[in-house]
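Quick look at data-v4.cif (mmCIF, C-alpha atoms):
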data_final
loop_
_atom_site.group_PDB
_atom_site.id
_atom_site.type_symbol
_atom_site.label_atom_id
_atom_site.label_comp_id
_atom_site.auth_asym_id
_atom_site.auth_seq_id
_atom_site.Cartn_x
_atom_site.Cartn_y
_atom_site.Cartn_z
ATOM 1 C CA MET A 1 79.697 128.711 89.169
ATOM 2 C CA ALA A 2 78.569 125.116 89.197
ATOM 3 C CA GLU A 3 77.743 125.363 92.902
ATOM 4 C CA PRO A 4 75.017 127.998 93.270
ATOM 5 C CA GLN A 5 74.455 126.982 96.900
ATOM 6 C CA ASN A 6 77.636 128.817 97.884
ATOM 7 C CA PRO A 7 77.179 132.273 99.407
ATOM 8 C CA ASP A 8 76.795 135.012 96.808
ATOM 9 C CA SER A 9 77.480 137.873 99.196
ATOM 10 C CA GLY A 10 79.781 138.533 102.134
ATOM 11 C CA CYS A 11 82.919 137.557 100.209
ATOM 12 C CA ARG A 12 86.149 139.509 100.419
ATOM 13 C CA VAL A 13 88.921 140.089 97.901
ATOM 14 C CA GLU A 14 91.871 137.962 98.921
ATOM 15 C CA ARG A 15 94.213 138.661 95.963
ATOM 16 C CA ARG A 16 93.956 140.724 92.792
ATOM 17 C CA PRO A 17 96.621 140.075 90.148
ATOM 18 C CA ALA A 18 96.107 141.816 86.778
ATOM 19 C CA ASP A 19 93.748 139.294 85.147
ATOM 20 C CA ARG A 20 92.200 137.455 88.126
ATOM 21 C CA VAL A 21 90.531 138.063 91.468
ATOM 22 C CA LEU A 22 90.428 135.544 94.308
ATOM 23 C CA TYR A 23 87.360 135.958 96.517
ATOM 24 C CA SER A 24 86.931 134.127 99.796
ATOM 25 C CA TYR A 25 84.042 133.610 102.167
ATOM 26 C CA ASP A 26 85.125 133.126 105.756
ATOM 27 C CA VAL A 27 83.377 131.714 108.813
ATOM 28 C CA ALA A 28 84.956 132.403 112.201
ATOM 29 C CA GLY A 29 88.173 133.555 110.535
ATOM 30 C CA ARG A 30 88.552 130.458 108.318
ATOM 31 C CA THR A 31 87.991 130.362 104.574
ATOM 32 C CA LYS A 32 85.074 128.093 103.646
ATOM 33 C CA VAL A 33 84.558 129.085 99.992
ATOM 34 C CA ALA A 34 87.050 130.405 97.428
ATOM 35 C CA VAL A 35 86.218 131.608 93.915
ATOM 36 C CA VAL A 36 88.607 132.782 91.215
ATOM 37 C CA VAL A 37 87.165 135.184 88.651
ATOM 38 C CA ALA A 38 89.297 135.731 85.530
ATOM 39 C CA ARG A 39 89.304 138.160 82.611
ATOM 40 C CA ASP A 40 89.230 137.112 78.962
ATOM 41 C CA GLN A 41 89.313 133.348 79.227
ATOM 42 C CA ARG A 42 89.404 131.208 76.090
ATOM 43 C CA ASP A 43 86.100 131.626 74.202
ATOM 44 C CA ARG A 44 84.776 133.752 77.088
ATOM 45 C CA PRO A 45 85.563 137.453 76.745
ATOM 46 C CA GLY A 46 85.200 139.726 79.749
ATOM 47 C CA TRP A 47 85.196 138.743 83.409
ATOM 48 C CA GLY A 48 83.779 135.407 84.533
ATOM 49 C CA PRO A 49 84.231 132.563 87.006
ATOM 50 C CA GLU A 50 87.248 130.368 86.419
ATOM 51 C CA THR A 51 87.272 127.949 89.353
ATOM 52 C CA ASN A 52 85.964 127.532 92.864
ATOM 53 C CA ALA A 53 86.316 125.358 95.934
ATOM 54 C CA SER A 54 84.122 124.951 98.959
ATOM 55 C CA CYS A 55 84.076 123.080 102.237
ATOM 56 C CA ASP A 56 81.320 120.678 103.199
ATOM 57 C CA PRO A 57 78.014 122.590 103.557
ATOM 58 C CA ALA A 58 78.009 121.815 107.291
ATOM 59 C CA GLY A 59 80.899 124.287 107.579
ATOM 60 C CA LEU A 60 78.766 127.119 106.237
ATOM 61 C CA PRO A 61 76.204 129.058 108.275
ATOM 62 C CA ALA A 62 72.959 127.139 108.821
ATOM 63 C CA ARG A 63 70.939 129.479 106.585
ATOM 64 C CA TYR A 64 72.839 128.271 103.487
ATOM 65 C CA ALA A 65 72.294 124.601 104.230
ATOM 66 C CA ALA A 66 68.617 125.188 104.984
ATOM 67 C CA ALA A 67 68.114 127.249 101.828
ATOM 68 C CA TRP A 68 69.275 124.301 99.735
ATOM 69 C CA GLY A 69 67.348 121.662 101.671
ATOM 70 C CA TRP A 70 70.332 120.054 103.401
ATOM 71 C CA GLU A 71 69.739 118.587 106.805
ATOM 72 C CA VAL A 72 72.852 119.162 108.860
ATOM 73 C CA TRP A 73 72.830 116.626 111.691
ATOM 74 C CA THR A 74 74.786 117.188 114.889
ATOM 75 C CA ASP A 75 76.638 114.826 117.191
ATOM 76 C CA GLY A 76 76.092 114.305 120.914
ATOM 77 C CA HIS A 77 78.137 117.432 121.665
ATOM 78 C CA GLY A 78 76.148 119.638 119.280
ATOM 79 C CA ARG A 79 78.884 119.745 116.615
ATOM 80 C CA ARG A 80 77.627 119.924 113.050
ATOM 81 C CA LEU A 81 78.442 116.744 111.097
ATOM 82 C CA PRO A 82 79.563 116.856 107.453
ATOM 83 C CA VAL A 83 76.758 116.253 104.963
ATOM 84 C CA SER A 84 79.245 114.037 103.140
ATOM 85 C CA ARG A 85 78.953 111.712 106.170
ATOM 86 C CA ILE A 86 75.277 112.052 107.131
ATOM 87 C CA ASN A 87 72.444 113.932 105.490
ATOM 88 C CA GLY A 88 68.731 113.694 104.974
ATOM 89 C CA SER A 89 66.287 115.016 102.420
ATOM 90 C CA ALA A 90 62.669 114.838 101.372
ATOM 91 C CA GLY A 91 61.711 112.694 98.402
ATOM 92 C CA SER A 92 61.233 114.337 95.020
ATOM 93 C CA ALA A 93 57.756 115.297 93.887
ATOM 94 C CA HIS A 94 58.621 114.900 90.202
ATOM 95 C CA CYS A 95 58.939 111.126 90.643
ATOM 96 C CA GLY A 96 56.052 110.724 93.104
ATOM 97 C CA ARG A 97 58.223 110.172 96.175
ATOM 98 C CA GLN A 98 57.487 113.370 98.093
ATOM 99 C CA SER A 99 55.966 111.402 100.992
ATOM 100 C CA ALA A 100 59.259 109.560 101.553
ATOM 101 C CA HIS A 101 62.257 110.885 103.473
ATOM 102 C CA PHE A 102 65.833 109.752 102.875
ATOM 103 C CA LEU A 103 68.710 109.459 105.326
ATOM 104 C CA ARG A 104 72.212 108.776 104.037
ATOM 105 C CA LEU A 105 74.908 107.696 106.482
ATOM 106 C CA ASP A 106 78.351 106.403 105.560
ATOM 107 C CA GLY A 107 77.286 105.318 102.079
ATOM 108 C CA ARG A 108 74.056 103.622 103.170
ATOM 109 C CA GLU A 109 70.584 104.934 102.518
ATOM 110 C CA TYR A 110 67.613 104.525 104.868
ATOM 111 C CA VAL A 111 64.061 105.503 104.029
ATOM 112 C CA ARG A 112 61.044 106.767 105.918
ATOM 113 C CA ASP A 113 58.227 105.578 103.657
ATOM 114 C CA PRO A 114 54.862 106.000 105.433
ATOM 115 C CA GLU A 115 52.846 105.775 102.199
ATOM 116 C CA GLY A 116 54.813 102.826 100.808
ATOM 117 C CA VAL A 117 55.868 104.567 97.595
ATOM 118 C CA LEU A 118 59.275 102.841 97.547
ATOM 119 C CA GLY A 119 58.052 99.584 99.032
ATOM 120 C CA ARG A 120 55.722 99.117 96.043
ATOM 121 C CA ASP A 121 58.731 99.355 93.744
ATOM 122 C CA GLY A 122 60.712 96.801 95.770
ATOM 123 C CA LEU A 123 63.447 99.304 96.596
ATOM 124 C CA LEU A 124 63.518 98.611 100.352
ATOM 125 C CA ARG A 125 65.156 95.661 102.124
ATOM 126 C CA ALA A 126 62.299 95.554 104.648
ATOM 127 C CA PRO A 127 59.040 97.435 105.234
ATOM 128 C CA TYR A 128 59.012 100.827 106.907
ATOM 129 C CA ARG A 129 57.635 100.669 110.464
ATOM 130 C CA GLY A 130 55.948 103.836 111.662
ATOM 131 C CA ASN A 131 55.374 102.531 115.166
ATOM 132 C CA ALA A 132 58.457 100.452 115.906
ATOM 133 C CA ARG A 133 59.706 99.096 119.174
ATOM 134 C CA MET A 134 63.276 100.085 119.997
ATOM 135 C CA PRO A 135 65.330 96.864 120.126
ATOM 136 C CA ALA A 136 67.096 96.209 123.426
ATOM 137 C CA ALA A 137 70.389 95.915 121.501
ATOM 138 C CA ALA A 138 70.026 99.325 119.841
ATOM 139 C CA HIS A 139 72.489 102.033 120.735
ATOM 140 C CA ASP A 140 72.156 105.800 120.469
ATOM 141 C CA THR A 141 74.593 107.242 117.917
ATOM 142 C CA GLY A 142 74.284 110.663 119.542
ATOM 143 C CA TYR A 143 73.309 112.053 116.125
ATOM 144 C CA HIS A 144 70.274 114.280 116.064
ATOM 145 C CA TYR A 145 68.391 116.659 113.823
ATOM 146 C CA ARG A 146 65.400 118.767 114.867
ATOM 147 C CA GLY A 147 64.104 116.456 117.559
ATOM 148 C CA ARG A 148 65.033 113.228 115.776
ATOM 149 C CA ARG A 149 67.660 110.967 117.382
ATOM 150 C CA LEU A 150 69.347 108.187 115.458
ATOM 151 C CA TRP A 151 69.789 104.665 116.876
ATOM 152 C CA PHE A 152 71.149 101.440 115.356
ATOM 153 C CA THR A 153 71.619 97.792 116.193
ATOM 154 C CA ASP A 154 74.940 96.219 115.202
ATOM 155 C CA ASP A 155 73.673 94.960 111.824
ATOM 156 C CA ARG A 156 72.703 98.503 110.714
ATOM 157 C CA ASN A 157 69.904 97.190 108.487
ATOM 158 C CA THR A 158 67.371 99.551 110.036
ATOM 159 C CA ALA A 159 67.782 103.101 111.273
ATOM 160 C CA TYR A 160 65.690 103.613 114.406
ATOM 161 C CA VAL A 161 64.611 107.232 114.558
ATOM 162 C CA ARG A 162 63.294 108.346 117.921
ATOM 163 C CA SER A 163 61.311 111.547 118.304
ATOM 164 C CA SER A 164 58.732 112.905 120.717
ATOM 165 C CA HIS A 165 56.148 110.962 118.652
ATOM 166 C CA GLY A 166 57.774 107.567 119.245
ATOM 167 C CA VAL A 167 60.163 105.315 117.332
ATOM 168 C CA GLU A 168 60.164 104.618 113.605
ATOM 169 C CA GLY A 169 62.095 101.876 111.794
ATOM 170 C CA TRP A 170 63.579 103.199 108.569
ATOM 171 C CA PRO A 171 64.786 100.246 106.434
ATOM 172 C CA ARG A 172 67.855 100.309 104.228
ATOM 173 C CA ALA A 173 67.270 100.842 100.562
ATOM 174 C CA LYS A 174 68.422 98.116 98.190
ATOM 175 C CA GLU A 175 70.035 100.711 95.978
ATOM 176 C CA ASP A 176 69.968 104.461 95.589
ATOM 177 C CA ALA A 177 66.224 104.894 95.899
ATOM 178 C CA GLY A 178 66.173 108.589 95.036
ATOM 179 C CA CYS A 179 65.410 109.850 91.553
ATOM 180 C CA ASP A 180 66.990 112.465 89.362
#
Would you write the structure of this file as structure tokens?
Amino acid sequence: MAEPQNPDSGCRVERRPADRVLYSYDVAGRTKVAVVVARDQRDRPGWGPETNASCDPAGLPARYAAAWGWEVWTDGHGRRLPVSRINGSAGSAHCGRQSAHFLRLDGREYVRDPEGVLGRDGLLRAPYRGNARMPAAAHDTGYHYRGRRLWFTDDRNTAYVRSSHGVEGWPRAKEDAGCD
């Protein structure tokens, strides 16, 4: 299907009418992925995928998210947060941004840019700060991912990322700073 990141094994047959099969992939007794395979569709003889639906990748086992490079952040209680709300990813090598790291939260994009690859292009609202001081007005969101904790001040212009190495100031991007 169009979403190869969905599990390709461990599915069960849910229904089997004469010309279709509905497969589902369940996690803890709840369906997270559904795929309908149909026989002899228009201009497509034989069996093949017809449609599919899937939950947010955070609802799938961690191995699927990791295999596709998704960072699934958790809240202060350890609950996995939807990647549609918050997600991070490494920059793309094909456009020379592999040293950058992107964090998307609620429609805003923040960038860790230690080599200045996006700053040179004017895509950041402020410079990246690798050794930032945590502002007194910053508050802990409770969100964390592999030792990184996310903090913000009320203006949300900079994401303060605290780790065992210190605090970094990740500025907001002016626009979608990724590349296709």
Can you tell me, as a PDB file with C-alpha atoms, in the coordinates of the input, which residues sit within 12 Å of (76.2, 117.0, 112.7) in the file's frame, using all atoms listed in the file?
ATOM      1  CA  ASP A  56      81.320 120.678 103.199  1.00  0.00           C
ATOM      2  CA  PRO A  57      78.014 122.590 103.557  1.00  0.00           C
ATOM      3  CA  ALA A  58      78.009 121.815 107.291  1.00  0.00           C
ATOM      4  CA  GLY A  59      80.899 124.287 107.579  1.00  0.00           C
ATOM      5  CA  ALA A  62      72.959 127.139 108.821  1.00  0.00           C
ATOM      6  CA  TRP A  70      70.332 120.054 103.401  1.00  0.00           C
ATOM      7  CA  GLU A  71      69.739 118.587 106.805  1.00  0.00           C
ATOM      8  CA  VAL A  72      72.852 119.162 108.860  1.00  0.00           C
ATOM      9  CA  TRP A  73      72.830 116.626 111.691  1.00  0.00           C
ATOM     10  CA  THR A  74      74.786 117.188 114.889  1.00  0.00           C
ATOM     11  CA  ASP A  75      76.638 114.826 117.191  1.00  0.00           C
ATOM     12  CA  GLY A  76      76.092 114.305 120.914  1.00  0.00           C
ATOM     13  CA  HIS A  77      78.137 117.432 121.665  1.00  0.00           C
ATOM     14  CA  GLY A  78      76.148 119.638 119.280  1.00  0.00           C
ATOM     15  CA  ARG A  79      78.884 119.745 116.615  1.00  0.00           C
ATOM     16  CA  ARG A  80      77.627 119.924 113.050  1.00  0.00           C
ATOM     17  CA  LEU A  81      78.442 116.744 111.097  1.00  0.00           C
ATOM     18  CA  PRO A  82      79.563 116.856 107.453  1.00  0.00           C
ATOM     19  CA  VAL A  83      76.758 116.253 104.963  1.00  0.00           C
ATOM     20  CA  SER A  84      79.245 114.037 103.140  1.00  0.00           C
ATOM     21  CA  ARG A  85      78.953 111.712 106.170  1.00  0.00           C
ATOM     22  CA  ILE A  86      75.277 112.052 107.131  1.00  0.00           C
ATOM     23  CA  ASN A  87      72.444 113.932 105.490  1.00  0.00           C
ATOM     24  CA  GLY A  88      68.731 113.694 104.974  1.00  0.00           C
ATOM     25  CA  LEU A 105      74.908 107.696 106.482  1.00  0.00           C
ATOM     26  CA  THR A 141      74.593 107.242 117.917  1.00  0.00           C
ATOM     27  CA  GLY A 142      74.284 110.663 119.542  1.00  0.00           C
ATOM     28  CA  TYR A 143      73.309 112.053 116.125  1.00  0.00           C
ATOM     29  CA  HIS A 144      70.274 114.280 116.064  1.00  0.00           C
ATOM     30  CA  TYR A 145      68.391 116.659 113.823  1.00  0.00           C
ATOM     31  CA  ARG A 146      65.400 118.767 114.867  1.00  0.00           C
ATOM     32  CA  ARG A 149      67.660 110.967 117.382  1.00  0.00           C
ATOM     33  CA  LEU A 150      69.347 108.187 115.458  1.00  0.00           C
TER      34      LEU A 150
END
**OP:** Can you work out which one of A:Pro49, A:Gly10, A:His139, A:Ser163 has the shortest atom-to-atom distance to A:Leu22, counting all atoms listed in the file?
**Re:** A:Pro49
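Taking atom CA of A:Pro127 and atom CA of A:Gly169 as endpoints, the distance between them is 8.5 Å.
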Please return the centre and edge lengths, in Å to one decimal, of a box with edges along x, y and z that contains all listed atoms of stretch 66-75 of chain A, widened by 6 Å on every side, as JSON.
{"center_x": 72.0, "center_y": 121.0, "center_z": 108.5, "size_x": 21.3, "size_y": 24.4, "size_z": 29.5}
Original post:
Once the PyMOL selection byres ((chain A and resi 33) around 6) has been applied to the shown file, what residues remain in the selection, as a ChimeraX atom specification?
Top reply: /A:24-25,31-32,34,53-54
Do you know which residues lie at most 7 Å from (91.4, 139.4, 100.6), with coordinates as in the file and all atoms listed in the file counted, and could you write them as a short mmCIF file (atom, residue, chain, number, x, y, z; two decimals) with C-alpha atoms, in the coordinates of the input?
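File result_33.cif, as written:
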data_model
loop_
_atom_site.label_atom_id
_atom_site.label_comp_id
_atom_site.auth_asym_id
_atom_site.auth_seq_id
_atom_site.Cartn_x
_atom_site.Cartn_y
_atom_site.Cartn_z
CA ARG A 12 86.15 139.51 100.42
CA VAL A 13 88.92 140.09 97.90
CA GLU A 14 91.87 137.96 98.92
CA ARG A 15 94.21 138.66 95.96
CA TYR A 23 87.36 135.96 96.52
CA SER A 24 86.93 134.13 99.80
#
Original post:
What separation in Å, quoted to one decimal, exists between atom CA of A:Leu118 and atom CA of A:Asp140?
Top reply: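 Atom-to-atom, atom CA of A:Leu118 and atom CA of A:Asp140 are spaced 26.5 Å apart.
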Would it be fine to have stretch 92-143 of chain A, with C-alpha atoms, given as an mmCIF file, in the first residue's frame?
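Result file out20.cif:
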data_model
loop_
_atom_site.group_PDB
_atom_site.id
_atom_site.type_symbol
_atom_site.label_atom_id
_atom_site.label_comp_id
_atom_site.auth_asym_id
_atom_site.auth_seq_id
_atom_site.Cartn_x
_atom_site.Cartn_y
_atom_site.Cartn_z
ATOM 1 C CA SER A 92 18.349 14.810 5.074
ATOM 2 C CA ALA A 93 21.760 14.030 3.643
ATOM 3 C CA HIS A 94 20.602 14.544 0.054
ATOM 4 C CA CYS A 95 20.189 18.282 0.683
ATOM 5 C CA GLY A 96 23.240 18.692 2.935
ATOM 6 C CA ARG A 97 21.293 19.035 6.182
ATOM 7 C CA GLN A 98 22.284 15.790 7.897
ATOM 8 C CA SER A 99 23.954 17.694 10.757
ATOM 9 C CA ALA A 100 20.651 19.386 11.644
ATOM 10 C CA HIS A 101 17.857 17.870 13.724
ATOM 11 C CA PHE A 102 14.209 18.891 13.445
ATOM 12 C CA LEU A 103 11.519 18.973 16.116
ATOM 13 C CA ARG A 104 7.907 19.575 15.125
ATOM 14 C CA LEU A 105 5.371 20.452 17.811
ATOM 15 C CA ASP A 106 1.825 21.650 17.207
ATOM 16 C CA GLY A 107 2.582 22.917 13.707
ATOM 17 C CA ARG A 108 5.825 24.687 14.625
ATOM 18 C CA GLU A 109 9.280 23.536 13.658
ATOM 19 C CA TYR A 110 12.406 23.960 15.794
ATOM 20 C CA VAL A 111 15.915 23.153 14.649
ATOM 21 C CA ARG A 112 19.110 21.927 16.249
ATOM 22 C CA ASP A 113 21.703 23.313 13.837
ATOM 23 C CA PRO A 114 25.207 22.947 15.336
ATOM 24 C CA GLU A 115 26.960 23.381 11.972
ATOM 25 C CA GLY A 116 24.791 26.307 10.863
ATOM 26 C CA VAL A 117 23.554 24.662 7.665
ATOM 27 C CA LEU A 118 20.096 26.258 7.949
ATOM 28 C CA GLY A 119 21.315 29.495 9.479
ATOM 29 C CA ARG A 120 23.392 30.173 6.347
ATOM 30 C CA ASP A 121 20.226 29.915 4.273
ATOM 31 C CA GLY A 122 18.319 32.307 6.551
ATOM 32 C CA LEU A 123 15.743 29.671 7.470
ATOM 33 C CA LEU A 124 15.936 30.206 11.247
ATOM 34 C CA ARG A 125 14.338 33.016 13.265
ATOM 35 C CA ALA A 126 17.374 33.127 15.569
ATOM 36 C CA PRO A 127 20.731 31.349 15.826
ATOM 37 C CA TYR A 128 21.005 27.894 17.343
ATOM 38 C CA ARG A 129 22.644 27.958 20.790
ATOM 39 C CA GLY A 130 24.526 24.810 21.717
ATOM 40 C CA ASN A 131 25.322 25.990 25.222
ATOM 41 C CA ALA A 132 22.234 27.920 26.282
ATOM 42 C CA ARG A 133 21.193 29.092 29.690
ATOM 43 C CA MET A 134 17.733 27.936 30.735
ATOM 44 C CA PRO A 135 15.584 31.068 31.159
ATOM 45 C CA ALA A 136 14.055 31.520 34.608
ATOM 46 C CA ALA A 137 10.616 31.767 32.950
ATOM 47 C CA ALA A 138 10.969 28.445 31.119
ATOM 48 C CA HIS A 139 8.677 25.612 32.076
ATOM 49 C CA ASP A 140 9.118 21.873 31.621
ATOM 50 C CA THR A 141 6.544 20.447 29.198
ATOM 51 C CA GLY A 142 7.096 16.976 30.644
ATOM 52 C CA TYR A 143 7.853 15.765 27.106
#
